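Have a look at my_file.txt; it's compact mmCIF, C-alpha atoms:
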```
# COMPACT_ATOMS: atom_id res chain seq x y z
CA MET A 1 135.68 49.15 79.40
CA GLU A 2 136.75 50.38 75.99
CA ARG A 3 134.07 50.98 73.40
CA SER A 4 134.21 49.07 70.13
CA PRO A 5 135.04 51.12 67.00
CA THR A 6 131.45 50.63 65.76
CA VAL A 7 129.93 51.94 69.00
CA GLN A 8 132.34 54.87 69.01
CA GLN A 9 131.42 55.74 65.42
CA ASP A 10 127.71 55.60 66.28
CA ILE A 11 128.27 57.95 69.22
CA GLU A 12 130.21 60.38 67.03
CA LYS A 13 127.48 60.32 64.36
CA LEU A 14 124.84 61.04 67.01
CA PHE A 15 126.97 63.87 68.39
CA ASP A 16 127.41 65.34 64.91
CA GLU A 17 123.67 65.18 64.26
CA GLN A 18 122.90 66.90 67.55
CA MET A 19 125.44 69.59 66.73
CA ARG A 20 123.86 70.14 63.32
CA VAL A 21 120.40 70.47 64.87
CA ARG A 22 121.63 73.03 67.41
CA GLN A 23 123.50 74.95 64.74
CA LYS A 24 120.44 75.02 62.48
CA LYS A 25 118.27 76.40 65.27
CA GLU A 26 120.87 79.05 66.05
CA GLN A 27 121.04 80.06 62.39
CA GLU A 28 117.25 80.31 62.23
CA ARG A 29 117.24 82.53 65.33
CA LYS A 30 119.80 84.88 63.80
CA ILE A 31 117.94 85.02 60.48
CA ARG A 32 114.73 85.94 62.31
CA ASN A 33 116.50 88.71 64.22
CA TYR A 34 118.20 90.04 61.09
CA ARG A 35 114.88 90.17 59.23
CA ALA A 36 113.40 92.27 62.02
CA LEU A 37 116.44 94.55 62.10
CA ASN A 38 116.46 94.94 58.33
CA ARG A 39 112.91 96.30 58.39
CA ILE A 40 113.99 99.29 60.49
CA ALA A 41 117.56 99.67 59.20
CA PRO A 42 118.39 102.68 57.02
CA LYS A 43 119.39 101.61 53.53
CA GLY A 44 122.63 102.53 51.79
CA GLY A 45 125.02 101.60 54.58
CA ILE A 46 128.11 99.39 54.39
CA LEU A 47 127.51 95.68 54.81
CA PHE A 48 129.84 92.89 55.94
CA THR A 49 128.32 89.47 55.34
CA GLY A 50 129.22 85.79 55.24
CA SER A 51 129.80 82.96 57.69
CA SER A 52 131.24 82.86 61.21
CA LEU A 53 134.55 84.31 59.98
CA MET A 54 132.58 87.45 59.23
CA GLU A 55 130.26 87.19 62.22
CA TYR A 56 133.31 87.16 64.53
CA PHE A 57 134.70 90.32 62.89
CA PRO A 58 133.94 93.21 65.31
CA ILE A 59 133.94 95.58 62.37
CA CYS A 60 131.38 98.04 63.78
CA GLU A 61 133.33 98.56 67.01
CA MET A 62 136.69 98.75 65.25
CA ALA A 63 135.40 101.27 62.72
CA MET A 64 133.94 103.44 65.48
CA SER A 65 137.18 103.25 67.47
CA ALA A 66 139.05 104.39 64.36
CA GLY A 67 136.77 107.41 63.98
CA ILE A 68 134.94 106.09 60.91
CA LYS A 69 131.50 107.66 61.12
CA LYS A 70 129.71 105.48 58.60
CA LEU A 71 126.71 103.20 58.93
CA ILE A 72 128.04 99.63 59.05
CA TYR A 73 126.14 96.36 59.40
CA ASN A 74 127.40 92.84 60.05
CA ARG A 75 125.16 90.01 58.84
CA GLY A 76 127.59 87.11 59.25
CA ILE A 77 126.08 83.85 60.49
CA GLY A 78 128.14 80.97 61.87
CA GLY A 79 127.98 77.70 59.95
CA THR A 80 126.66 79.32 56.77
CA THR A 81 127.50 77.60 53.50
CA THR A 82 127.06 79.12 50.06
CA ASP A 83 123.83 77.07 49.80
CA ASP A 84 122.58 78.67 53.01
CA PHE A 85 123.64 82.11 51.82
CA LEU A 86 121.72 81.75 48.57
CA LYS A 87 118.64 80.56 50.44
CA GLU A 88 118.69 83.61 52.73
CA ILE A 89 120.30 86.13 50.37
CA ASP A 90 117.50 88.66 50.88
CA THR A 91 118.14 88.77 54.63
CA VAL A 92 121.93 88.65 54.63
CA LEU A 93 122.50 90.94 51.65
CA LEU A 94 119.77 92.29 49.38
CA ASP A 95 117.27 93.78 51.86
CA LEU A 96 119.77 96.31 53.23
CA GLN A 97 120.51 97.74 49.75
CA PRO A 98 124.07 98.62 50.82
CA SER A 99 126.28 101.12 49.07
CA LYS A 100 129.18 98.71 49.64
CA VAL A 101 129.22 95.04 50.57
CA PHE A 102 132.18 93.02 51.80
CA ILE A 103 131.71 89.27 51.36
CA ASN A 104 133.51 86.34 53.00
CA ILE A 105 131.54 83.20 52.24
CA GLY A 106 132.51 79.65 51.31
CA THR A 107 134.82 78.28 53.99
CA ASN A 108 132.09 75.94 55.24
CA ASP A 109 131.91 74.48 51.73
CA MET A 110 135.53 73.36 52.07
CA THR A 111 134.76 69.79 53.07
CA GLU A 112 134.50 66.45 51.35
CA ARG A 113 132.14 65.23 54.09
CA VAL A 114 129.29 67.25 52.60
CA TYR A 115 130.20 68.02 48.99
CA GLY A 116 132.65 65.25 48.11
CA LYS A 117 135.77 65.86 46.07
CA GLY A 118 133.97 68.45 43.97
CA TRP A 119 133.56 70.86 46.88
CA MET A 120 135.70 73.59 45.31
CA ALA A 121 133.73 73.61 42.06
CA HIS A 122 130.51 73.71 44.10
CA LEU A 123 131.82 76.66 46.13
CA ILE A 124 132.80 78.73 43.11
CA GLU A 125 129.62 77.89 41.20
CA ASN A 126 127.48 79.10 44.11
CA TYR A 127 129.67 82.14 44.69
CA GLU A 128 129.09 83.14 41.08
CA LYS A 129 125.33 82.76 41.60
CA ILE A 130 125.58 85.06 44.62
CA ILE A 131 127.48 87.66 42.60
CA ARG A 132 125.09 87.53 39.69
CA MET A 133 122.05 87.96 41.95
CA ALA A 134 123.71 90.87 43.74
CA LEU A 135 124.57 92.58 40.45
CA GLU A 136 121.03 92.09 39.18
CA LYS A 137 119.26 93.34 42.31
CA LEU A 138 121.84 95.90 43.49
CA PRO A 139 123.43 97.40 40.36
CA GLU A 140 124.67 100.47 42.26
CA THR A 141 126.37 98.52 45.07
CA ASP A 142 130.17 98.24 45.15
CA ILE A 143 131.05 94.59 45.80
CA TYR A 144 134.27 93.61 47.59
CA MET A 145 135.17 89.91 47.64
CA MET A 146 137.52 89.17 50.52
CA ALA A 147 140.27 86.55 50.42
CA TYR A 148 139.83 83.50 52.60
CA TYR A 149 141.93 83.68 55.75
CA PRO A 150 144.77 81.20 56.32
CA ALA A 151 143.98 78.20 58.52
CA ASN A 152 146.21 76.13 60.80
CA LEU A 153 145.88 72.33 60.88
CA ARG A 154 148.65 71.65 63.38
CA LEU A 155 147.95 73.59 66.52
CA PRO A 156 149.20 71.80 69.64
CA TRP A 157 145.81 72.20 71.40
CA GLN A 158 143.72 71.15 68.39
CA ASP A 159 141.80 67.92 68.97
CA ASP A 160 141.34 65.24 66.33
CA ARG A 161 137.67 66.08 65.75
CA ILE A 162 138.42 69.68 64.82
CA ARG A 163 141.37 68.64 62.69
CA GLU A 164 139.14 66.18 60.83
CA LEU A 165 136.46 68.84 60.25
CA ILE A 166 138.90 71.33 58.73
CA LYS A 167 141.33 68.97 57.02
CA SER A 168 140.43 70.31 53.56
CA ARG A 169 141.49 73.84 54.53
CA THR A 170 145.11 73.33 53.61
CA LYS A 171 147.25 76.23 52.48
CA GLU A 172 147.19 74.86 48.94
CA ASN A 173 143.39 74.58 48.85
CA ILE A 174 142.83 78.01 50.34
CA ASP A 175 145.34 79.56 47.93
CA GLU A 176 143.55 77.92 44.99
CA CYS A 177 140.15 79.08 46.24
CA ASN A 178 141.52 82.61 46.52
CA ARG A 179 142.83 82.46 42.97
CA ARG A 180 139.42 81.37 41.74
CA VAL A 181 137.58 84.04 43.72
CA GLU A 182 139.99 86.65 42.39
CA ALA A 183 139.32 85.41 38.84
CA LEU A 184 135.60 85.64 39.52
CA ALA A 185 136.00 89.23 40.65
CA ARG A 186 137.91 90.08 37.46
CA LYS A 187 135.24 88.40 35.33
CA TYR A 188 132.55 90.69 36.70
CA GLY A 189 134.66 93.79 37.20
CA LEU A 190 134.44 93.64 41.00
CA HIS A 191 136.93 94.25 43.81
CA TYR A 192 139.01 91.40 45.24
CA ILE A 193 140.85 92.19 48.48
CA ASP A 194 143.72 90.15 49.88
CA VAL A 195 143.26 90.99 53.56
CA ASN A 196 145.72 88.37 54.84
CA ASP A 197 148.93 90.37 55.19
CA GLY A 198 150.13 89.75 58.75
CA LEU A 199 147.83 86.82 59.56
CA ALA A 200 150.15 83.96 58.61
CA ASP A 201 153.41 82.61 60.02
CA GLU A 202 156.52 81.72 58.02
CA ASN A 203 154.84 78.47 56.87
CA GLY A 204 151.76 80.25 55.59
CA ASP A 205 149.62 78.95 58.46
CA GLN A 206 147.34 81.08 60.60
CA LYS A 207 149.48 82.40 63.45
CA GLU A 208 149.04 80.42 66.66
CA GLU A 209 148.60 83.54 68.76
CA PHE A 210 145.67 84.59 66.56
CA SER A 211 143.96 81.22 66.39
CA ILE A 212 141.05 79.91 68.44
CA ASP A 213 140.76 76.52 66.76
CA GLY A 214 142.74 76.70 63.52
CA VAL A 215 140.02 78.56 61.62
CA HIS A 216 138.33 81.13 63.85
CA MET A 217 140.41 84.04 65.11
CA TYR A 218 140.70 86.30 68.12
CA ALA A 219 140.07 90.04 67.98
CA GLU A 220 143.80 90.74 67.64
CA ALA A 221 143.74 89.03 64.25
CA TYR A 222 140.76 91.11 63.16
CA GLU A 223 142.72 94.23 64.03
CA VAL A 224 145.13 93.11 61.29
CA VAL A 225 142.24 92.47 58.90
CA PHE A 226 140.78 95.88 59.71
CA ARG A 227 144.08 97.64 58.95
CA ASN A 228 144.23 95.82 55.62
CA ILE A 229 140.67 96.70 54.69
CA ARG A 230 140.25 100.16 56.18
CA LYS A 231 141.07 102.11 53.02
CA TYR A 232 138.22 100.38 51.17
CA ILE A 233 135.61 101.35 53.76
```
Let's see the structure in the file written out as structure tokens.
Amino acid sequence: MERSPTVQQDIEKLFDEQMRVRQKKEQERKIRNYRALNRIAPKGGILFTGSSLMEYFPICEMAMSAGIKKLIYNRGIGGTTTDDFLKEIDTVLLDLQPSKVFINIGTNDMTERVYGKGWMAHLIENYEKIIRMALEKLPETDIYMMAYYPANLRLPWQDDRIRELIKSRTKENIDECNRRVEALARKYGLHYIDVNDGLADENGDQKEEFSIDGVHMYAEAYEVVFRNIRKYI
């Protein structure tokens, strides 16, 4: 028997709520662990921080494999929005007092489902708050703002639910967000890094062979990112 559209919508809403609860608990677990690690971590290292697109970046292993003998931390947390980042900014940024910080935050703000049509303005407003707090608390830290990676909304294995979740991450929207982040970096005299060379296909979409779901990427893609960012480390 086929479900009615109303029943199907109710099931999807319940599923989404359960997913949000599980994600929140997972974020809380990671924050607790990071707080404990920060208490014993030497200060002045190099920090990579942001959402899952940073969490998935095996930067410590890649740097070691490349012979880079520097202290590197990754404090990325999946599902993090700029609101979440601001709430936990001590744990994911300030407490480590890094000499350099590489930031990739905001892709989870790219949705009308949460922030409406003003999501981009919300993203940039919060990003500026993050930058201003970092400059105030860490005046000696070099701040590197990373470009948002390309997405792919037309993968053959992508289901409708994923496509709906990421539908705002069009090439045009990501390009505009990158322009605004770059302008923000110029405003405060910070570094903006376009790390995307080699990640996109001829249409400007995330390459299929790199893509897990249209947003998240396999390690091969992060090898490309690492090559693009290595000179800044």
Requested in this report: Find the residue from A:Glu125, A:Glu182, A:Asp160, A:Glu176 that sits nearest to Met146 in chain A; use all atoms listed in the file when measuring.
Outcome: A:Glu182
Dump as a JSON list (two decimals) with C-alpha atoms, keeping the file's coordinate frame all residues having an atom at most 10 Å from (120.4, 87.7, 61.8), computed in the file's coordinates with all atoms listed in the file.
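Output below, filename result_32.json:
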```json
[["chain", "number", "residue", "atom", "x", "y", "z"],
["A", 26, "GLU", "CA", 120.87, 79.05, 66.05],
["A", 27, "GLN", "CA", 121.04, 80.06, 62.39],
["A", 28, "GLU", "CA", 117.25, 80.31, 62.23],
["A", 29, "ARG", "CA", 117.24, 82.53, 65.33],
["A", 30, "LYS", "CA", 119.80, 84.88, 63.80],
["A", 31, "ILE", "CA", 117.94, 85.02, 60.48],
["A", 32, "ARG", "CA", 114.73, 85.94, 62.31],
["A", 33, "ASN", "CA", 116.50, 88.71, 64.22],
["A", 34, "TYR", "CA", 118.20, 90.04, 61.09],
["A", 35, "ARG", "CA", 114.88, 90.17, 59.23],
["A", 36, "ALA", "CA", 113.40, 92.27, 62.02],
["A", 37, "LEU", "CA", 116.44, 94.55, 62.10],
["A", 38, "ASN", "CA", 116.46, 94.94, 58.33],
["A", 55, "GLU", "CA", 130.26, 87.19, 62.22],
["A", 74, "ASN", "CA", 127.40, 92.84, 60.05],
["A", 75, "ARG", "CA", 125.16, 90.01, 58.84],
["A", 76, "GLY", "CA", 127.59, 87.11, 59.25],
["A", 77, "ILE", "CA", 126.08, 83.85, 60.49],
["A", 91, "THR", "CA", 118.14, 88.77, 54.63],
["A", 92, "VAL", "CA", 121.93, 88.65, 54.63]]
```
Requested in this report: Identify which of the residues A:Asp159, A:Gln97, A:Arg230, A:Tyr222 lies closest to Ile68 in chain A, counting all atoms listed in the file when measuring atom-to-atom distances.
Outcome: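 Checking each candidate against Ile68 in chain A, we get A:Arg230 as the closest.
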**Report entry** Shortest interatomic distance to Lys231 in chain A - which of A:Ala63, A:Asp83, A:Leu96, A:Arg113, counting all atoms listed in the file
**Finding:**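 Closest to Lys231 in chain A, using all atoms listed in the file: A:Ala63.
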Report task. Have a look at CA of Asp175 in chain A and CA of Glu223 in chain A and let me know their distance in Å, one decimal. Result ->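 Separation of CA of Asp175 in chain A and CA of Glu223 in chain A: 21.9 Å.
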Requested in this report: Kindly give the distance, in Å, that separates CA of Met145 in chain A and CA of Cys60 in chain A, rounded to a single decimal.
Outcome: 18.5 Å
Query raised in the report: Skipping near chain neighbours, those fewer than 4 positions away, what residues fall within 12 Å of Ile193 in chain A using all atoms listed in the file, listed as an NGL selection string?
Result: :A and (102-104 or 143-149 or 178-179 or 181-183 or 185-186 or 197 or 225-226 or 228-233)
Would you output that residue set with C-alpha atoms, as a PDB file, in the coordinates of the input?
```pdb
ATOM      1  CA  PHE A 102     132.180  93.020  51.800  1.00  0.00           C
ATOM      2  CA  ILE A 103     131.710  89.270  51.360  1.00  0.00           C
ATOM      3  CA  ASN A 104     133.510  86.340  53.000  1.00  0.00           C
ATOM      4  CA  ILE A 143     131.050  94.590  45.800  1.00  0.00           C
ATOM      5  CA  TYR A 144     134.270  93.610  47.590  1.00  0.00           C
ATOM      6  CA  MET A 145     135.170  89.910  47.640  1.00  0.00           C
ATOM      7  CA  MET A 146     137.520  89.170  50.520  1.00  0.00           C
ATOM      8  CA  ALA A 147     140.270  86.550  50.420  1.00  0.00           C
ATOM      9  CA  TYR A 148     139.830  83.500  52.600  1.00  0.00           C
ATOM     10  CA  TYR A 149     141.930  83.680  55.750  1.00  0.00           C
ATOM     11  CA  ASN A 178     141.520  82.610  46.520  1.00  0.00           C
ATOM     12  CA  ARG A 179     142.830  82.460  42.970  1.00  0.00           C
ATOM     13  CA  VAL A 181     137.580  84.040  43.720  1.00  0.00           C
ATOM     14  CA  GLU A 182     139.990  86.650  42.390  1.00  0.00           C
ATOM     15  CA  ALA A 183     139.320  85.410  38.840  1.00  0.00           C
ATOM     16  CA  ALA A 185     136.000  89.230  40.650  1.00  0.00           C
ATOM     17  CA  ARG A 186     137.910  90.080  37.460  1.00  0.00           C
ATOM     18  CA  ASP A 197     148.930  90.370  55.190  1.00  0.00           C
ATOM     19  CA  VAL A 225     142.240  92.470  58.900  1.00  0.00           C
ATOM     20  CA  PHE A 226     140.780  95.880  59.710  1.00  0.00           C
ATOM     21  CA  ASN A 228     144.230  95.820  55.620  1.00  0.00           C
ATOM     22  CA  ILE A 229     140.670  96.700  54.690  1.00  0.00           C
ATOM     23  CA  ARG A 230     140.250 100.160  56.180  1.00  0.00           C
ATOM     24  CA  LYS A 231     141.070 102.110  53.020  1.00  0.00           C
ATOM     25  CA  TYR A 232     138.220 100.380  51.170  1.00  0.00           C
ATOM     26  CA  ILE A 233     135.610 101.350  53.760  1.00  0.00           C
TER      27      ILE A 233
END
```
Query - Between CA of Ile212 in chain A and CA of Val114 in chain A, distance in Å (one decimal) - result: 23.4 Å
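Among the candidates A:Thr81, A:Lys43, A:Tyr56, A:Asp142, the residue lying nearest to Lys24 in chain A is A:Thr81 (atoms considered: only C-alpha atoms).
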Query raised in the report: Which is closer to Glu164 in chain A than all the others in A:Pro58, A:Glu112, A:Glu220, A:Gln23, using only C-alpha atoms?
Result: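 Closest to Glu164 in chain A of all the choices is A:Glu112.
Minimum atom-to-atom distance to Asp109 in chain A, evaluated using all atoms listed in the file, belongs to A:Cys177 out of A:Ile59, A:Ile131, A:Cys177, A:Ala221.
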